[in-house]
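Coordinates as given in upload-v6.csv (CSV, C-alpha atoms):
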chain,number,residue,atom,x,y,z
A,271,LYS,CA,147.4,110.6,16.7
A,272,ILE,CA,149.4,107.8,18.2
A,273,VAL,CA,147.8,104.4,18.3
A,274,LYS,CA,148.9,103.0,21.7
A,275,LYS,CA,149.8,99.4,21.1
A,276,LYS,CA,153.0,97.5,20.7
A,277,MET,CA,154.2,95.0,18.0
A,278,LYS,CA,153.6,91.5,19.2
A,279,LEU,CA,156.8,89.5,20.0
A,280,SER,CA,157.2,86.0,21.3
A,281,LYS,CA,158.3,85.7,24.9
A,282,GLU,CA,161.6,84.2,23.7
A,283,ARG,CA,162.3,87.0,21.2
A,284,ALA,CA,161.4,89.7,23.7
A,285,ALA,CA,163.6,88.2,26.4
A,286,GLU,CA,166.5,87.9,23.9
A,287,LEU,CA,166.1,91.6,22.9
A,288,ILE,CA,166.1,92.7,26.5
A,289,GLN,CA,169.2,90.7,27.3
A,290,THR,CA,171.0,92.1,24.3
A,291,CYS,CA,170.2,95.6,25.6
A,292,LYS,CA,171.5,94.7,29.1
A,293,THR,CA,174.7,93.5,27.6
A,294,MET,CA,175.2,96.6,25.4
A,295,THR,CA,174.5,99.0,28.3
A,296,ALA,CA,176.7,97.3,31.0
A,297,THR,CA,178.4,99.8,33.3
A,298,GLY,CA,181.7,101.1,32.1
A,299,LYS,CA,181.3,99.8,28.6
A,300,GLY,CA,180.2,101.1,25.3
A,301,LEU,CA,180.2,100.3,21.6
A,302,LEU,CA,183.0,100.3,19.0
A,303,ALA,CA,181.6,101.7,15.8
A,304,ALA,CA,183.8,99.7,13.4
A,305,ASP,CA,181.3,99.9,10.5
A,306,GLU,CA,183.2,102.1,8.2
A,307,SER,CA,182.3,101.4,4.6
A,308,ILE,CA,185.1,100.6,2.2
A,309,GLY,CA,185.1,104.2,1.0
A,310,THR,CA,185.2,105.6,4.6
A,311,ILE,CA,188.0,103.3,5.8
A,312,LYS,CA,190.0,104.4,2.7
A,313,LYS,CA,189.9,108.0,4.1
A,314,ARG,CA,191.3,106.7,7.4
A,315,PHE,CA,194.0,104.6,5.8
A,316,ASP,CA,195.0,107.5,3.5
A,317,LEU,CA,196.0,109.5,6.6
A,318,ILE,CA,198.6,106.9,7.5
A,319,ASN,CA,199.5,106.0,3.9
A,320,VAL,CA,198.1,102.4,4.1
A,321,GLU,CA,196.6,100.9,0.9
A,322,ASN,CA,192.9,100.1,1.2
A,323,THR,CA,192.9,96.4,0.4
A,324,GLU,CA,190.7,93.7,1.9
A,325,GLU,CA,193.6,92.2,3.7
A,326,ASN,CA,194.6,95.5,5.3
A,327,ARG,CA,191.1,96.1,6.4
A,328,ARG,CA,190.9,92.6,7.8
A,329,ALA,CA,194.2,92.9,9.6
A,330,TYR,CA,193.2,96.3,11.2
A,331,ARG,CA,189.9,94.9,12.5
A,332,GLU,CA,191.8,91.8,13.8
A,333,LEU,CA,194.1,94.2,15.7
A,334,LEU,CA,191.2,95.8,17.4
A,335,LEU,CA,189.1,92.7,18.1
A,336,THR,CA,192.0,90.6,19.5
A,337,THR,CA,193.2,93.4,21.9
A,338,GLU,CA,193.6,91.8,25.3
A,339,GLY,CA,191.0,93.2,27.7
A,340,ILE,CA,188.8,94.7,25.0
A,341,GLU,CA,185.8,93.3,26.9
A,342,LYS,CA,186.5,95.6,29.8
A,343,PHE,CA,185.4,98.6,27.9
A,344,ILE,CA,183.6,97.4,24.8
A,345,SER,CA,180.2,95.7,25.1
A,346,GLY,CA,179.4,95.6,21.4
A,347,VAL,CA,180.9,96.1,18.0
A,348,ILE,CA,179.1,97.5,15.0
A,349,PHE,CA,180.2,95.8,11.7
A,350,TYR,CA,180.0,96.7,8.1
A,351,GLU,CA,178.8,93.8,5.9
A,352,GLU,CA,182.3,92.7,4.8
A,353,GLN,CA,183.5,92.2,8.3
A,354,VAL,CA,180.8,89.8,9.5
A,355,ASP,CA,182.3,87.0,7.3
A,356,GLN,CA,185.9,87.9,8.0
A,357,ALA,CA,188.2,86.0,10.4
A,358,THR,CA,191.5,86.3,12.2
A,359,LYS,CA,194.6,85.0,10.5
A,360,ASP,CA,194.1,81.8,12.5
A,361,GLY,CA,190.7,81.3,10.9
A,362,GLN,CA,188.4,82.4,13.8
A,363,ASN,CA,185.3,84.3,12.6
A,364,PHE,CA,185.1,87.8,14.1
A,365,VAL,CA,181.5,87.3,15.4
A,366,GLU,CA,182.4,84.0,17.1
A,367,LEU,CA,185.6,85.6,18.5
A,368,LEU,CA,183.5,88.4,20.1
A,369,ASN,CA,180.9,86.0,21.4
A,370,LYS,CA,183.6,84.2,23.4
A,371,LYS,CA,184.5,87.5,25.0
A,372,GLY,CA,180.9,88.3,25.9
A,373,ILE,CA,180.8,91.1,23.3
A,374,VAL,CA,177.7,91.4,21.1
A,375,SER,CA,178.0,91.9,17.3
A,376,GLY,CA,175.9,94.4,15.4
A,377,ILE,CA,175.4,95.2,11.7
A,378,LYS,CA,175.0,98.5,9.8
A,379,LEU,CA,171.9,98.0,7.8
A,380,ASP,CA,171.2,101.4,6.1
A,381,LYS,CA,172.3,101.9,2.5
A,382,GLY,CA,173.4,105.5,2.8
A,383,VAL,CA,171.6,108.8,2.4
A,384,VAL,CA,170.2,110.7,-0.6
A,385,LEU,CA,169.1,114.3,-1.0
A,386,LEU,CA,165.3,114.9,-1.1
A,387,PRO,CA,164.2,116.2,-4.5
A,388,GLY,CA,163.1,119.8,-4.2
A,389,ASP,CA,164.5,120.0,-0.6
A,390,GLU,CA,168.2,119.3,-1.3
A,391,LYS,CA,169.5,120.4,2.1
A,392,ASN,CA,167.6,117.5,3.6
A,393,THR,CA,168.1,113.8,3.3
A,394,ALA,CA,166.4,110.4,3.4
A,395,THR,CA,168.1,107.1,4.3
A,396,GLN,CA,168.0,104.2,1.8
A,397,GLY,CA,167.6,100.5,2.5
A,398,LEU,CA,164.1,99.8,3.6
A,399,THR,CA,163.0,97.7,0.6
A,400,ASP,CA,164.7,94.4,1.6
A,401,LEU,CA,165.5,95.2,5.2
A,402,ALA,CA,163.6,92.3,6.7
A,403,LYS,CA,165.5,89.8,4.6
A,404,ARG,CA,168.8,91.4,5.5
A,405,ALA,CA,167.9,91.6,9.2
A,406,GLU,CA,167.1,87.9,9.2
A,407,LYS,CA,170.3,87.1,7.3
A,408,TYR,CA,172.6,88.8,9.8
A,409,TYR,CA,170.6,87.5,12.8
A,410,ASN,CA,171.4,84.0,11.4
A,411,LYS,CA,175.1,85.0,11.1
A,412,GLY,CA,175.2,85.8,14.8
A,413,CYS,CA,174.4,89.6,14.9
A,414,ARG,CA,172.0,90.7,17.7
A,415,PHE,CA,171.7,94.4,17.1
A,416,ALA,CA,171.7,96.8,14.1
A,417,LYS,CA,172.4,100.4,13.2
A,418,TRP,CA,170.6,102.8,10.9
A,419,ARG,CA,171.7,106.4,10.5
A,420,GLY,CA,169.6,109.4,9.5
A,421,VAL,CA,171.3,112.7,8.8
A,422,ILE,CA,170.0,116.2,9.7
A,423,ASN,CA,171.8,119.3,8.4
A,424,VAL,CA,171.6,122.4,10.6
A,425,SER,CA,171.4,126.1,9.6
A,426,SER,CA,169.3,129.1,10.6
A,427,THR,CA,166.5,127.7,8.3
A,428,ASN,CA,167.3,124.0,8.2
A,429,PRO,CA,166.1,121.3,8.8
A,430,SER,CA,162.7,121.5,7.1
A,431,HIS,CA,159.7,119.8,8.5
A,432,LEU,CA,159.8,117.3,5.6
A,433,GLY,CA,163.5,116.5,6.3
A,434,VAL,CA,162.8,115.8,10.0
A,435,THR,CA,159.8,113.7,9.2
A,436,GLN,CA,161.5,111.6,6.6
A,437,VAL,CA,164.4,110.8,8.9
A,438,ALA,CA,162.1,110.0,11.8
A,439,GLN,CA,159.8,107.8,9.8
A,440,GLY,CA,162.7,105.9,8.3
A,441,LEU,CA,164.2,105.2,11.7
A,442,ALA,CA,160.9,104.1,13.1
A,443,ARG,CA,160.2,101.6,10.2
A,444,TYR,CA,163.7,100.2,10.5
A,445,GLY,CA,163.3,99.9,14.3
A,446,ALA,CA,160.1,97.9,14.0
A,447,ILE,CA,161.5,95.6,11.3
A,448,CYS,CA,164.6,94.9,13.3
A,449,GLN,CA,162.7,94.0,16.5
A,450,ALA,CA,160.5,91.7,14.5
A,451,ASN,CA,163.6,89.9,13.3
A,452,GLY,CA,165.4,89.6,16.6
A,453,LEU,CA,167.8,92.6,16.3
A,454,VAL,CA,168.0,95.5,18.8
A,455,PRO,CA,167.8,98.6,16.7
A,456,ILE,CA,170.2,101.5,17.3
A,457,ILE,CA,168.2,104.6,16.4
A,458,GLU,CA,170.7,107.2,15.1
A,459,PRO,CA,169.4,110.6,14.1
A,460,GLU,CA,172.7,112.3,13.5
A,461,ILE,CA,172.3,116.0,13.6
A,462,MET,CA,175.4,117.7,12.1
A,463,VAL,CA,175.7,120.2,14.9
A,464,LEU,CA,179.4,120.9,14.4
A,465,VAL,CA,179.0,122.1,10.8
A,466,GLY,CA,178.3,125.8,10.4
A,467,ASP,CA,178.5,128.9,12.6
A,468,HIS,CA,175.4,128.6,14.7
A,469,CYS,CA,175.5,128.7,18.5
A,470,ILE,CA,174.5,126.0,21.0
A,471,GLU,CA,170.9,127.4,21.3
A,472,ARG,CA,170.2,126.5,17.7
A,473,SER,CA,171.7,123.0,18.2
A,474,LEU,CA,169.4,122.6,21.2
A,475,ALA,CA,166.3,123.7,19.3
A,476,VAL,CA,167.0,121.3,16.4
A,477,THR,CA,167.9,118.4,18.6
A,478,ASN,CA,164.7,118.9,20.6
A,479,GLN,CA,162.7,119.1,17.3
A,480,VAL,CA,164.3,115.9,15.9
A,481,LEU,CA,164.1,113.8,19.0
A,482,ASN,CA,160.5,114.8,19.6
A,483,GLU,CA,159.5,113.6,16.1
A,484,VAL,CA,161.7,110.5,16.3
A,485,PHE,CA,160.0,109.2,19.4
A,486,TYR,CA,156.5,110.2,18.1
A,487,GLN,CA,157.2,108.0,15.0
A,488,LEU,CA,158.7,105.2,17.0
A,489,LYS,CA,155.6,105.0,19.1
A,490,ASN,CA,153.4,105.3,16.0
A,491,HIS,CA,155.2,102.4,14.5
A,492,HIS,CA,154.8,100.3,17.6
A,493,VAL,CA,158.5,100.0,18.5
A,494,HIS,CA,159.2,98.7,21.9
A,495,MET,CA,161.1,101.4,23.9
A,496,ASP,CA,162.7,98.9,26.2
A,497,LYS,CA,164.3,97.0,23.4
A,498,MET,CA,166.1,99.7,21.5
A,499,ILE,CA,169.2,102.0,21.9
A,500,LEU,CA,169.3,105.7,21.0
A,501,LYS,CA,172.5,107.0,19.4
A,502,PRO,CA,172.2,110.8,19.3
A,503,ASN,CA,174.6,113.7,19.0
A,504,PHE,CA,175.7,115.8,22.0
A,505,VAL,CA,174.2,119.3,21.9
A,506,LEU,CA,177.2,121.3,20.7
A,507,PRO,CA,178.0,124.7,19.2
A,508,ALA,CA,179.2,124.7,15.6
A,509,ARG,CA,182.9,124.8,15.0
A,510,ASN,CA,182.6,128.4,13.7
A,511,CYS,CA,180.3,129.6,16.4
A,512,PRO,CA,181.5,133.1,17.3
A,513,ASN,CA,180.7,132.5,21.0
A,514,ARG,CA,182.0,129.0,21.1
A,515,ALA,CA,183.9,129.3,24.4
A,516,GLU,CA,180.8,130.4,26.3
A,517,CYS,CA,178.6,127.9,24.5
A,518,GLU,CA,180.8,125.0,25.5
A,519,LYS,CA,180.1,125.6,29.1
A,520,LYS,CA,176.4,124.6,28.4
A,521,ILE,CA,177.0,121.3,26.6
A,522,ALA,CA,176.4,118.9,29.4
A,523,ALA,CA,173.3,120.8,30.8
A,524,TYR,CA,171.7,121.3,27.4
A,525,THR,CA,172.3,117.7,26.4
A,526,TYR,CA,170.8,116.4,29.6
A,527,LYS,CA,167.8,118.7,29.3
A,528,VAL,CA,167.0,117.6,25.7
A,529,LEU,CA,167.2,113.9,26.7
A,530,MET,CA,165.0,114.4,29.8
A,531,ASP,CA,162.5,116.3,27.7
A,532,ASN,CA,162.2,113.7,25.0
A,533,VAL,CA,163.6,110.2,25.8
A,534,PRO,CA,161.3,107.8,27.7
A,535,ALA,CA,162.8,106.3,30.9
A,536,SER,CA,162.0,102.8,29.5
A,537,VAL,CA,164.8,103.2,26.9
A,538,PRO,CA,167.7,101.3,28.3
A,539,GLY,CA,170.6,103.2,26.9
A,540,ILE,CA,171.7,106.3,25.1
A,541,MET,CA,175.0,105.7,23.4
A,542,PHE,CA,176.4,108.9,21.8
A,543,LEU,CA,178.1,109.3,18.4
A,544,SER,CA,181.3,111.3,18.4
A,545,GLY,CA,180.5,113.0,15.1
A,546,GLY,CA,183.8,114.8,14.4
A,547,LEU,CA,184.9,115.3,18.0
A,548,SER,CA,188.5,114.5,18.9
A,549,GLU,CA,189.3,111.6,21.3
A,550,LYS,CA,189.8,114.1,24.1
A,551,GLU,CA,186.7,116.1,23.4
A,552,ALA,CA,184.5,113.0,23.2
A,553,VAL,CA,185.8,111.7,26.5
A,554,ASN,CA,185.5,115.0,28.4
A,555,ILE,CA,182.0,115.8,27.2
A,556,LEU,CA,180.7,112.3,28.1
A,557,ASN,CA,182.3,112.6,31.5
A,558,ASP,CA,180.7,116.0,32.1
A,559,LEU,CA,177.3,114.7,31.0
A,560,ASN,CA,177.4,111.7,33.4
A,561,LYS,CA,178.4,114.1,36.2
A,562,GLU,CA,175.5,116.4,35.2
A,563,ALA,CA,173.1,113.4,35.3
A,564,ALA,CA,174.5,111.8,38.4
A,565,ASP,CA,171.4,112.5,40.6
A,566,HIS,CA,168.8,111.3,38.1
A,567,LYS,CA,169.8,109.1,35.2
A,568,PRO,CA,167.0,106.9,33.9
A,569,TRP,CA,169.2,105.4,31.1
A,570,ALA,CA,172.8,104.4,30.6
A,571,LEU,CA,174.7,107.4,29.1
A,572,SER,CA,177.5,105.8,27.1
A,573,TYR,CA,179.5,105.8,23.9
A,574,SER,CA,179.2,104.4,20.4
A,575,TYR,CA,182.4,105.9,19.0
A,576,GLY,CA,184.3,105.3,15.8
A,577,ARG,CA,187.1,107.8,15.3
A,578,ALA,CA,187.0,108.8,19.0
A,579,LEU,CA,188.1,105.3,19.9
A,580,GLN,CA,190.4,104.6,17.0
A,581,ALA,CA,192.3,107.7,16.0
A,582,SER,CA,195.3,107.1,18.2
A,583,THR,CA,195.2,103.4,17.4
A,584,LEU,CA,195.5,104.0,13.7
A,585,GLU,CA,198.3,106.5,14.2
A,586,ALA,CA,200.3,104.0,16.3
A,587,TRP,CA,199.6,101.1,13.8
A,588,GLN,CA,200.7,102.8,10.5
A,589,GLY,CA,199.8,99.5,8.7
A,590,LYS,CA,202.9,97.7,10.1
A,591,ALA,CA,202.8,94.3,11.8
A,592,GLU,CA,205.6,95.4,14.2
A,593,ASN,CA,203.3,98.2,15.5
A,594,VAL,CA,200.4,96.0,16.4
A,595,GLU,CA,201.3,95.8,20.1
A,596,ALA,CA,201.7,99.6,20.4
A,597,ALA,CA,198.5,100.2,18.5
A,598,GLN,CA,196.6,97.8,20.9
A,599,LYS,CA,198.0,99.7,23.9
A,600,ALA,CA,196.8,102.9,22.4
A,601,PHE,CA,193.3,101.4,21.9
A,602,VAL,CA,193.2,100.2,25.5
A,603,ALA,CA,194.3,103.6,26.8
A,604,GLN,CA,191.5,105.4,24.9
A,605,GLY,CA,189.0,102.7,25.7
A,606,THR,CA,189.8,103.0,29.4
A,607,GLN,CA,189.3,106.8,29.3
A,608,CYS,CA,185.9,106.3,27.6
A,609,SER,CA,184.9,103.7,30.2
A,610,LEU,CA,185.8,106.1,33.1
A,611,ALA,CA,183.8,108.9,31.3
A,612,GLU,CA,180.8,106.6,31.1
A,613,GLN,CA,180.9,106.4,34.9
A,614,GLY,CA,181.7,110.1,35.4
A,615,LYS,CA,184.9,109.2,37.1
A,616,LEU,CA,187.4,111.5,35.4

As structure tokens, the full file:
Amino acid sequence: KIVKKKMKLSKERAAELIQTCKTMTATGKGLLAADESIGTIKKRFDLINVENTEENRRAYRELLLTTEGIEKFISGVIFYEEQVDQATKDGQNFVELLNKKGIVSGIKLDKGVVLLPGDEKNTATQGLTDLAKRAEKYYNKGCRFAKWRGVINVSSTNPSHLGVTQVAQGLARYGAICQANGLVPIIEPEIMVLVGDHCIERSLAVTNQVLNEVFYQLKNHHVHMDKMILKPNFVLPARNCPNRAECEKKIAAYTYKVLMDNVPASVPGIMFLSGGLSEKEAVNILNDLNKEAADHKPWALSYSYGRALQASTLEAWQGKAENVEAAQKAFVAQGTQCSLAEQGKL
């Protein structure tokens, strides 16, 4: 049974959280998920034969953040811990650089996932123990939103009730702690819909189950719906689905349905993860969804993409200073496509 009350916030804190949400969900803009851990960015760099050094990571982030016109298609950037204290080669802190462009900085606060003992196909996310201190720390460093990722694996028998509950409770506790410390929480229940051979009906059923539990727990933990962002998956058939072509025709309708069935209208924005989609796929699906929702869209339907914003940029860069301009042009080109898709204009 849900206790219908909200966490108390000062007028100043509440107003700041609402303004952050407004900035993040501005029309034609989305989030750049640049929060790859050192291990994850190594995988990206390995594809272009670039050594995974701190300087190369800093140089690559500088390439992205100093791109002329980035503020036309990016409203916020999600950072990994290392990047918050990094600066351009001229000494300007990344967070301060973005502030001058009207772009909000965010911080990845989860500590990764672990398998549940006795239920090893399901996971729990680590990082709650000192979360309040870390939220306060990054607020003081200029961050105004945060990200926390829960992971749900899909099969004919998965996820378990325990798996869904653990992910939802973790996201809800994190959400409440973030709001209490001045950060807008991005609630990210990532359902691994592309992995396996299931069809889109299974993805729809699991997404519905997960979002239903997530919002039950958010309300039970007194999280303010109007001061958070949802970062879900699209409802997709698995890569090895035998009826993939037919299922793909249902993506926009099924995604819209599951959002309408579960997400309160008071949530300001739904900013999708790309989750293994190509740049083109991520753009086309978001565009189709915004067209599907054109007649009734209570929330912004936008993007919080990592690879789907950066793949062509990395390919153009190749770790070489002489390729920075070409890489930035590639970033603008893909960002512009995402911006148009957010408006259903493609």

### Spatial neighbours of Ile344 of chain A, max dist 6 Å, all atoms listed in the file, sep filter under 4 positions, as a ChimeraX atom specification
/A:299-301,340

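Using all atoms listed in the file, the set of residues no farther than 8 Å from the position (165.6, 102.6, 20.3) comprises Gly445, Val454, Pro455, Ile456, Ile457, Val493, His494, Met495, Asp496, Lys497, Met498, Ile499, Leu500 and Val537 of chain A.
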
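Using all atoms listed in the file, the smallest distance between any of A:Ala535, A:Ala611, A:Val602, A:Met530 and Ala552 of chain A comes from A:Ala611.
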
### Message
Please determine, counting only C-alpha atoms, which residue among A:Trp569, A:Tyr350, A:Tyr408, A:Phe415 has the shortest atom-to-atom distance to Ile373 of chain A.
### Response
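Answer, going by the shortest atom-to-atom distance: A:Phe415.
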
### Task
Show which residues sit within 8 Å of Gly452 of chain A, as a list in words. Count all atoms listed in the file, and ignore same-chain residues fewer than 2 positions away.
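So, after excluding close chain neighbours, the residues are Arg283, Glu286, Leu287, Glu406, Tyr409, Arg414, Phe415, Cys448, Gln449, Ala450 and Val454 of chain A.
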
### Message
With distances taken over only C-alpha atoms, which residue among A:Tyr524, A:Gly372, A:Phe601, A:Glu592 lies nearest Glu549 of chain A?
### Response
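So, comparing all the options, the nearest one is A:Phe601.
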
### Task
With a distance cut-off of 7 Å and all atoms listed in the file, select the neighbouring residues of segment 423-433 of chain A, excluding the residue or stretch itself and same-chain residues fewer than 5 positions from it, and output the selection as a list of chain:residue names.
A:Lys391, A:Asn392, A:Thr393, A:Ile461, A:Met462, A:Val463, A:Gly466, A:His468

### Task
Might you pull out every residue within 10 Å of Asp305 of chain A, with all atoms listed in the file counted and same-chain residues fewer than 3 positions away left off, and present them as a count of residues only?
17

### Message
With all atoms listed in the file as the counted atoms, please give the residues lying no more than 9 Å from Lys359 of chain A, apart from itself and same-chain residues fewer than 5 positions off, as a PyMOL selection string.
### Response
chain A and resi 328-329+332

Once you have the residues from the selection above, write them out as a compact mmCIF listing (two decimals), keeping the file's coordinate frame, restricted to C-alpha atoms.
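The result, written out as part09.txt:
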# COMPACT_ATOMS: atom_id res chain seq x y z
CA ARG A 328 190.90 92.60 7.80
CA ALA A 329 194.20 92.90 9.60
CA GLU A 332 191.80 91.80 13.80

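Coordinates place atom CA of Ala596 of chain A at a distance of 27.1 Å from atom CA of Gly614 of chain A.
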
### Query
So how many Å separate atom CA of Pro512 of chain A and atom CA of Glu390 of chain A, to one decimal?
26.7 Å

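The interatomic distance for the pair atom CA of Thr583 of chain A and atom CA of Glu458 of chain A works out to 24.9 Å.
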
### Query
Of the candidates A:Gly545, A:Gly382, A:Gly361, A:Gly397, which shows the shortest atom-to-atom distance to Tyr444 of chain A, using all atoms listed in the file?
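Going through A:Gly545, A:Gly382, A:Gly361, A:Gly397 one by one, the smallest distance to Tyr444 of chain A is for A:Gly397.
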